[in-house]
Amino acid sequence: MGYRPSCLDGPGAGRPSGPRLAVVGNPENRRVALFEDAVRGAGLPAPRVVPWADVLRAGGADFAADEIVRLDSPGENPEVDRLLRGATDPTRVEGSGRWYARFTAAVRSLRGGVRLDDPDELAVLFDKRLCHAVLDAAGVPVPASPTSGPRAAPVRGWEDVRAAMREHRMPRLFVKPAHGSSASGVLAVEAGGGGRIRATTSVELAADGGLYNSLKVRRYEREQDIAAIVDALAPDGLHLERWLPKAAQEGRAADLRVVVVAGRATHAVVRTSRSPLTNLHLGGRRGDLDAVREAVEAAGARWSDLPDVCERAAACFPRTLCVGVDLLPAVGWRRAAVGEVNAFGDLLPRLTGLPGSGAEGLDTYAAQVAAALGDLARYRTGTPHA
């Protein structure tokens, strides 16, 4: 792994004197606050905060040539959500296609600065179909998918999902909004004998057919309900993936979120759940990382192979400083596949770096500040990380 943070102990530390940082985000959000804390903790002036709402209303923003610019999530702000999705109710699931088009346009409207997030790479990261194809082409293990890549046939509705399940022999699969995040709109679908079908999801299907995000994971067992949800989501774009059986910890399905900074896996958290959705905001809970390491090694595999897979995934996006990789360990802990790569997957408060990563004692934001300053020359030239 060998992450190499820059020295931030004072002048003459191999970096430009007096660097200026800026962040495009929602000023009231804890993500921005955590980044501000990390910048101040490095002994630097507080970063300039450029609100997403201002960017969207003004059609862009300008940055000085030497200003180091980080982008953060536009989520959790009702006004920004309205500007991106056109929805008046932020709990509605629909509209991710419109969100994607407006968000990527907003990213491209930012002018100047030394960018820590590449617009072209963000456009891929926020399209699960494109991201899957890029990972697959690079030899990164991923679940099989009939919707991978720009030339795959679009999923027009539930009938197409049913056809894909038959044609690709996928009785268990995930149906994901192509531009979704935080498990919004995701369905874990499984078919049984006698035509039985079941979907596990956080989507609440209202009586009027509207779809709402819920913190409650529920199961639908009437095919007409599942079809209604999928048909409503299909216009925004859908991605299908084979449902891989995951390893377990204390009887709960387990996966890992691994943060990769400047090409190095620096932070990891285990997520466990009794449902197929392990997201912590949906009732998942943090597991024991040391126990995962022991289980991997007891199975005859190498623990280092897990962060290595995540680093290989991140290497597909060399001009983006930080990504969060969802790693799916297979039953038996000997193999793992990458479920997703998240552009804003670093919100792991109070989590410090992995032993031996070089980021010990640093949270995900402090590690990024150190890496951004240490890798500044690479960002100026657009070259990949070493």
# chains A, B, ... in the order shown; residues from 1 in each chain; ligands from 1

call {"tool": "closest_atom_pairs", "arguments": {"of": "range 220-275 of chain A", "to": "range 160-175 of chain A", "cutoff": "8 Å", "atoms": "only C-alpha atoms", "output": "JSON lines"}}
result
{"residue": "A:Leu238", "atom": "CA", "partner": "A:Val175", "partner_atom": "CA", "distance": 6.8}
{"residue": "A:His239", "atom": "CA", "partner": "A:Val175", "partner_atom": "CA", "distance": 6.0}
{"residue": "A:Leu240", "atom": "CA", "partner": "A:Val175", "partner_atom": "CA", "distance": 4.9}
{"residue": "A:Glu241", "atom": "CA", "partner": "A:Phe174", "partner_atom": "CA", "distance": 5.2}
{"residue": "A:Arg242", "atom": "CA", "partner": "A:Leu173", "partner_atom": "CA", "distance": 4.4}
{"residue": "A:Trp243", "atom": "CA", "partner": "A:Leu173", "partner_atom": "CA", "distance": 4.3}

call {"tool": "write_last_selection", "arguments": {"atoms": "N, CA and C atoms", "output": "mmCIF file, in the first residue's frame"}}
result
data_model
loop_
_atom_site.group_PDB
_atom_site.id
_atom_site.type_symbol
_atom_site.label_atom_id
_atom_site.label_comp_id
_atom_site.auth_asym_id
_atom_site.auth_seq_id
_atom_site.Cartn_x
_atom_site.Cartn_y
_atom_site.Cartn_z
ATOM 1 N N LEU A 238 -31.197 2.252 -15.928
ATOM 2 C CA LEU A 238 -31.011 1.190 -14.945
ATOM 3 C C LEU A 238 -29.785 0.352 -15.288
ATOM 4 N N HIS A 239 -29.165 -0.161 -14.258
ATOM 5 C CA HIS A 239 -28.006 -1.042 -14.384
ATOM 6 C C HIS A 239 -28.321 -2.336 -13.651
ATOM 7 N N LEU A 240 -28.017 -3.480 -14.273
ATOM 8 C CA LEU A 240 -28.286 -4.787 -13.693
ATOM 9 C C LEU A 240 -26.964 -5.492 -13.395
ATOM 10 N N GLU A 241 -26.890 -6.124 -12.224
ATOM 11 C CA GLU A 241 -25.702 -6.879 -11.853
ATOM 12 C C GLU A 241 -26.090 -8.178 -11.177
ATOM 13 N N ARG A 242 -25.329 -9.221 -11.460
ATOM 14 C CA ARG A 242 -25.537 -10.484 -10.774
ATOM 15 C C ARG A 242 -25.331 -10.289 -9.270
ATOM 16 N N TRP A 243 -26.204 -10.867 -8.487
ATOM 17 C CA TRP A 243 -26.134 -10.791 -7.022
ATOM 18 C C TRP A 243 -25.137 -11.845 -6.558
#

call {"tool": "residues_around", "arguments": {"residues": "range 280-286 of chain A", "least_positions_apart": "2", "cutoff": "6 Å", "atoms": "only C-alpha atoms", "output": "ChimeraX atom specification"}}
result
/A:215,270-273,278

call {"tool": "closest_residue", "arguments": {"among": "A:Asp136, A:Glu76, A:Glu94, A:Asp117", "to": "Val24 in chain A", "atoms": "only C-alpha atoms"}}
result
A:Asp117

call {"tool": "select_by_dssp", "arguments": {"residues": "range 12-228 of chain A", "states": "strand (DSSP E or B)", "output": "ChimeraX atom specification"}}
result
/A:20-25,48-51,61-71,92,110-115,172-177,187-191,197-205,211-220

call {"tool": "residues_around", "arguments": {"residues": "range 254-260 of chain A", "least_positions_apart": "5", "cutoff": "9 Å", "atoms": "only C-alpha atoms", "output": "mmCIF file with N, CA, C and O atoms, in the first residue's frame"}}
result
data_model
loop_
_atom_site.group_PDB
_atom_site.id
_atom_site.type_symbol
_atom_site.label_atom_id
_atom_site.label_comp_id
_atom_site.auth_asym_id
_atom_site.auth_seq_id
_atom_site.Cartn_x
_atom_site.Cartn_y
_atom_site.Cartn_z
ATOM 1 N N LYS A 246 -22.296 -12.974 -0.551
ATOM 2 C CA LYS A 246 -21.203 -12.338 0.181
ATOM 3 C C LYS A 246 -20.831 -13.117 1.432
ATOM 4 O O LYS A 246 -21.633 -13.851 1.991
ATOM 5 N N ALA A 247 -19.591 -12.907 1.855
ATOM 6 C CA ALA A 247 -19.127 -13.490 3.115
ATOM 7 C C ALA A 247 -19.944 -12.919 4.267
ATOM 8 O O ALA A 247 -20.627 -11.899 4.138
ATOM 9 N N ALA A 248 -19.867 -13.592 5.398
ATOM 10 C CA ALA A 248 -20.655 -13.172 6.561
ATOM 11 C C ALA A 248 -19.753 -12.955 7.763
ATOM 12 O O ALA A 248 -18.674 -13.563 7.887
ATOM 13 N N GLN A 249 -20.212 -12.089 8.642
ATOM 14 C CA GLN A 249 -19.555 -11.874 9.923
ATOM 15 C C GLN A 249 -20.634 -11.885 10.999
ATOM 16 O O GLN A 249 -21.581 -11.098 10.934
ATOM 17 N N ALA A 265 -4.807 2.685 -0.750
ATOM 18 C CA ALA A 265 -5.914 2.358 0.154
ATOM 19 C C ALA A 265 -5.517 2.802 1.557
ATOM 20 O O ALA A 265 -4.580 2.255 2.142
ATOM 21 N N THR A 266 -6.224 3.789 2.083
ATOM 22 C CA THR A 266 -5.821 4.384 3.357
ATOM 23 C C THR A 266 -6.787 4.095 4.498
ATOM 24 O O THR A 266 -6.375 4.087 5.659
ATOM 25 N N HIS A 267 -8.061 3.902 4.202
ATOM 26 C CA HIS A 267 -9.068 3.711 5.243
ATOM 27 C C HIS A 267 -10.030 2.611 4.808
ATOM 28 O O HIS A 267 -10.318 2.463 3.615
ATOM 29 N N ALA A 268 -10.549 1.867 5.769
ATOM 30 C CA ALA A 268 -11.514 0.811 5.449
ATOM 31 C C ALA A 268 -12.459 0.608 6.616
ATOM 32 O O ALA A 268 -12.057 0.723 7.781
ATOM 33 N N VAL A 269 -13.692 0.323 6.289
ATOM 34 C CA VAL A 269 -14.683 -0.003 7.303
ATOM 35 C C VAL A 269 -15.485 -1.197 6.810
ATOM 36 O O VAL A 269 -15.787 -1.315 5.618
ATOM 37 N N VAL A 270 -15.790 -2.098 7.717
ATOM 38 C CA VAL A 270 -16.645 -3.251 7.412
ATOM 39 C C VAL A 270 -18.093 -2.849 7.661
ATOM 40 O O VAL A 270 -18.405 -2.212 8.668
ATOM 41 N N ARG A 271 -18.970 -3.205 6.736
ATOM 42 C CA ARG A 271 -20.398 -2.945 6.901
ATOM 43 C C ARG A 271 -21.133 -4.287 6.909
ATOM 44 O O ARG A 271 -20.923 -5.106 6.019
ATOM 45 N N THR A 272 -21.965 -4.498 7.907
ATOM 46 C CA THR A 272 -22.707 -5.755 7.997
ATOM 47 C C THR A 272 -24.193 -5.479 8.087
ATOM 48 O O THR A 272 -24.623 -4.430 8.573
ATOM 49 N N SER A 273 -24.978 -6.445 7.610
ATOM 50 C CA SER A 273 -26.425 -6.258 7.611
ATOM 51 C C SER A 273 -27.118 -7.616 7.518
ATOM 52 O O SER A 273 -26.554 -8.578 6.997
ATOM 53 N N THR A 278 -26.228 -3.092 2.765
ATOM 54 C CA THR A 278 -25.390 -2.927 3.952
ATOM 55 C C THR A 278 -25.173 -1.465 4.336
ATOM 56 O O THR A 278 -24.462 -1.191 5.302
ATOM 57 N N GLY A 287 -18.672 -3.499 11.196
ATOM 58 C CA GLY A 287 -18.167 -4.780 11.657
ATOM 59 C C GLY A 287 -16.740 -4.659 12.157
ATOM 60 O O GLY A 287 -16.219 -3.559 12.367
ATOM 61 N N LEU A 289 -12.934 -5.096 11.532
ATOM 62 C CA LEU A 289 -11.960 -5.204 10.454
ATOM 63 C C LEU A 289 -10.863 -6.209 10.786
ATOM 64 O O LEU A 289 -10.398 -6.941 9.904
ATOM 65 N N PRO A 307 -7.101 -4.692 -0.292
ATOM 66 C CA PRO A 307 -6.820 -3.303 -0.682
ATOM 67 C C PRO A 307 -6.210 -3.187 -2.069
ATOM 68 O O PRO A 307 -6.416 -2.180 -2.756
ATOM 69 N N CYS A 310 -8.902 -2.776 -4.567
ATOM 70 C CA CYS A 310 -9.458 -1.423 -4.499
ATOM 71 C C CYS A 310 -8.531 -0.410 -5.162
ATOM 72 O O CYS A 310 -8.993 0.518 -5.845
ATOM 73 N N GLU A 311 -7.229 -0.581 -4.983
ATOM 74 C CA GLU A 311 -6.277 0.318 -5.626
ATOM 75 C C GLU A 311 -6.313 0.145 -7.144
ATOM 76 O O GLU A 311 -6.182 1.128 -7.889
ATOM 77 N N ALA A 314 -9.325 2.088 -8.264
ATOM 78 C CA ALA A 314 -9.073 3.528 -8.228
ATOM 79 C C ALA A 314 -8.126 3.959 -9.342
ATOM 80 O O ALA A 314 -8.224 5.090 -9.844
ATOM 81 N N LEU A 321 -8.585 12.516 -7.006
ATOM 82 C CA LEU A 321 -7.757 12.299 -5.821
ATOM 83 C C LEU A 321 -8.246 11.160 -4.949
ATOM 84 O O LEU A 321 -7.462 10.346 -4.479
ATOM 85 N N CYS A 322 -9.559 11.089 -4.711
ATOM 86 C CA CYS A 322 -10.093 10.155 -3.718
ATOM 87 C C CYS A 322 -11.351 9.489 -4.232
ATOM 88 O O CYS A 322 -12.226 10.155 -4.804
ATOM 89 N N VAL A 323 -11.456 8.186 -4.035
ATOM 90 C CA VAL A 323 -12.688 7.451 -4.310
ATOM 91 C C VAL A 323 -12.954 6.493 -3.160
ATOM 92 O O VAL A 323 -12.035 6.097 -2.428
ATOM 93 N N GLY A 324 -14.208 6.111 -3.011
ATOM 94 C CA GLY A 324 -14.587 5.091 -2.049
ATOM 95 C C GLY A 324 -15.031 3.850 -2.800
ATOM 96 O O GLY A 324 -15.941 3.907 -3.625
ATOM 97 N N VAL A 325 -14.367 2.740 -2.549
ATOM 98 C CA VAL A 325 -14.624 1.493 -3.281
ATOM 99 C C VAL A 325 -15.449 0.560 -2.405
ATOM 100 O O VAL A 325 -15.076 0.297 -1.250
ATOM 101 N N ASP A 326 -16.564 0.070 -2.940
ATOM 102 C CA ASP A 326 -17.359 -0.938 -2.251
ATOM 103 C C ASP A 326 -16.853 -2.312 -2.678
ATOM 104 O O ASP A 326 -16.988 -2.701 -3.839
ATOM 105 N N LEU A 327 -16.254 -3.018 -1.739
ATOM 106 C CA LEU A 327 -15.641 -4.312 -2.020
ATOM 107 C C LEU A 327 -16.529 -5.422 -1.480
ATOM 108 O O LEU A 327 -16.924 -5.406 -0.313
ATOM 109 N N LEU A 328 -16.827 -6.403 -2.333
ATOM 110 C CA LEU A 328 -17.738 -7.493 -1.994
ATOM 111 C C LEU A 328 -16.940 -8.784 -1.809
ATOM 112 O O LEU A 328 -16.590 -9.454 -2.787
ATOM 113 N N PRO A 329 -16.629 -9.163 -0.582
ATOM 114 C CA PRO A 329 -15.908 -10.415 -0.365
ATOM 115 C C PRO A 329 -16.839 -11.612 -0.591
ATOM 116 O O PRO A 329 -17.974 -11.625 -0.121
ATOM 117 N N GLY A 345 -17.196 8.940 -1.606
ATOM 118 C CA GLY A 345 -17.319 7.821 -0.675
ATOM 119 C C GLY A 345 -16.421 7.919 0.535
ATOM 120 O O GLY A 345 -16.034 6.889 1.109
ATOM 121 N N ASP A 346 -16.087 9.150 0.956
ATOM 122 C CA ASP A 346 -15.104 9.324 2.026
ATOM 123 C C ASP A 346 -15.697 9.762 3.349
ATOM 124 O O ASP A 346 -14.958 10.110 4.270
ATOM 125 N N THR A 364 -10.076 10.608 6.800
ATOM 126 C CA THR A 364 -10.061 10.586 5.334
ATOM 127 C C THR A 364 -9.802 11.966 4.749
ATOM 128 O O THR A 364 -9.181 12.095 3.692
#

call {"tool": "residues_around", "arguments": {"residues": "range 70-74 of chain A", "least_positions_apart": "5", "cutoff": "9 Å", "atoms": "only C-alpha atoms", "output": "count of residues only"}}
result
22

call {"tool": "closest_residue", "arguments": {"among": "A:Arg312, A:Arg264, A:Lys128, A:Arg108", "to": "Gly60 in chain A", "atoms": "only C-alpha atoms"}}
result
A:Arg108

call {"tool": "atom_distance", "arguments": {"atom1": "CA of Ala106 in chain A", "atom2": "CA of Glu121 in chain A"}}
result
14.1 Å

call {"tool": "atom_distance", "arguments": {"atom1": "CA of Asp118 in chain A", "atom2": "CA of Gly43 in chain A"}}
result
26.4 Å

call {"tool": "atom_distance", "arguments": {"atom1": "CA of Leu351 in chain A", "atom2": "CA of Glu297 in chain A"}}
result
23.4 Å

call {"tool": "select_by_dssp", "arguments": {"residues": "range 177-257 of chain A", "states": "helix (DSSP H, G or I)", "output": "VMD selection string"}}
result
chain A and resid 193 to 195 223 to 236

call {"tool": "closest_atom_pairs", "arguments": {"of": "range 80-155 of chain A", "to": "range 184-188 of chain A", "cutoff": "12 Å", "atoms": "only C-alpha atoms", "output": "CSV"}}
result
residue,atom,partner,partner_atom,distance
A:Pro90,CA,A:Ser184,CA,11.6
A:Thr91,CA,A:Ser184,CA,9.7
A:Arg92,CA,A:Ser184,CA,9.4
A:Val93,CA,A:Gly185,CA,6.2
A:Glu94,CA,A:Gly185,CA,8.2
A:Gly95,CA,A:Gly185,CA,10.8
A:Ser96,CA,A:Ser184,CA,9.5

call {"tool": "residues_around", "arguments": {"residues": "Ala183 in chain A", "least_positions_apart": "4", "cutoff": "9 Å", "atoms": "only C-alpha atoms", "output": "VMD selection string"}}
result
chain A and resid 176 to 177 187 201 to 202 277 279 282

call {"tool": "write_last_selection", "arguments": {"atoms": "N, CA, C and O atoms", "output": "PDB file, in the first residue's frame"}}
result
ATOM      1  N   LYS A 176     -30.219  -1.426 -10.222  1.00  0.00           N
ATOM      2  CA  LYS A 176     -29.733  -0.165  -9.664  1.00  0.00           C
ATOM      3  C   LYS A 176     -30.002   0.995 -10.615  1.00  0.00           C
ATOM      4  O   LYS A 176     -29.738   0.877 -11.822  1.00  0.00           O
ATOM      5  N   PRO A 177     -30.506   2.111 -10.103  1.00  0.00           N
ATOM      6  CA  PRO A 177     -30.521   3.318 -10.941  1.00  0.00           C
ATOM      7  C   PRO A 177     -29.102   3.634 -11.395  1.00  0.00           C
ATOM      8  O   PRO A 177     -28.166   3.654 -10.585  1.00  0.00           O
ATOM      9  N   LEU A 187     -32.847  -2.284  -5.899  1.00  0.00           N
ATOM     10  CA  LEU A 187     -33.650  -3.449  -5.561  1.00  0.00           C
ATOM     11  C   LEU A 187     -32.790  -4.701  -5.664  1.00  0.00           C
ATOM     12  O   LEU A 187     -32.099  -4.909  -6.658  1.00  0.00           O
ATOM     13  N   THR A 201     -35.665  -3.677  -0.801  1.00  0.00           N
ATOM     14  CA  THR A 201     -35.321  -2.321  -1.202  1.00  0.00           C
ATOM     15  C   THR A 201     -35.707  -1.334  -0.109  1.00  0.00           C
ATOM     16  O   THR A 201     -36.503  -1.655   0.779  1.00  0.00           O
ATOM     17  N   SER A 202     -35.160  -0.132  -0.184  1.00  0.00           N
ATOM     18  CA  SER A 202     -35.577   0.938   0.719  1.00  0.00           C
ATOM     19  C   SER A 202     -36.626   1.832   0.071  1.00  0.00           C
ATOM     20  O   SER A 202     -37.037   2.836   0.654  1.00  0.00           O
ATOM     21  N   LEU A 277     -28.774  -4.993   1.647  1.00  0.00           N
ATOM     22  CA  LEU A 277     -28.293  -3.619   1.604  1.00  0.00           C
ATOM     23  C   LEU A 277     -27.524  -3.327   2.884  1.00  0.00           C
ATOM     24  O   LEU A 277     -28.105  -3.302   3.971  1.00  0.00           O
ATOM     25  N   ASN A 279     -25.751  -0.535   3.597  1.00  0.00           N
ATOM     26  CA  ASN A 279     -25.546   0.885   3.889  1.00  0.00           C
ATOM     27  C   ASN A 279     -25.870   1.185   5.345  1.00  0.00           C
ATOM     28  O   ASN A 279     -26.909   0.760   5.870  1.00  0.00           O
ATOM     29  N   LEU A 282     -29.171   2.591   6.429  1.00  0.00           N
ATOM     30  CA  LEU A 282     -30.328   1.693   6.269  1.00  0.00           C
ATOM     31  C   LEU A 282     -30.320   0.567   7.306  1.00  0.00           C
ATOM     32  O   LEU A 282     -30.951  -0.467   7.096  1.00  0.00           O
TER      33      LEU A 282
END
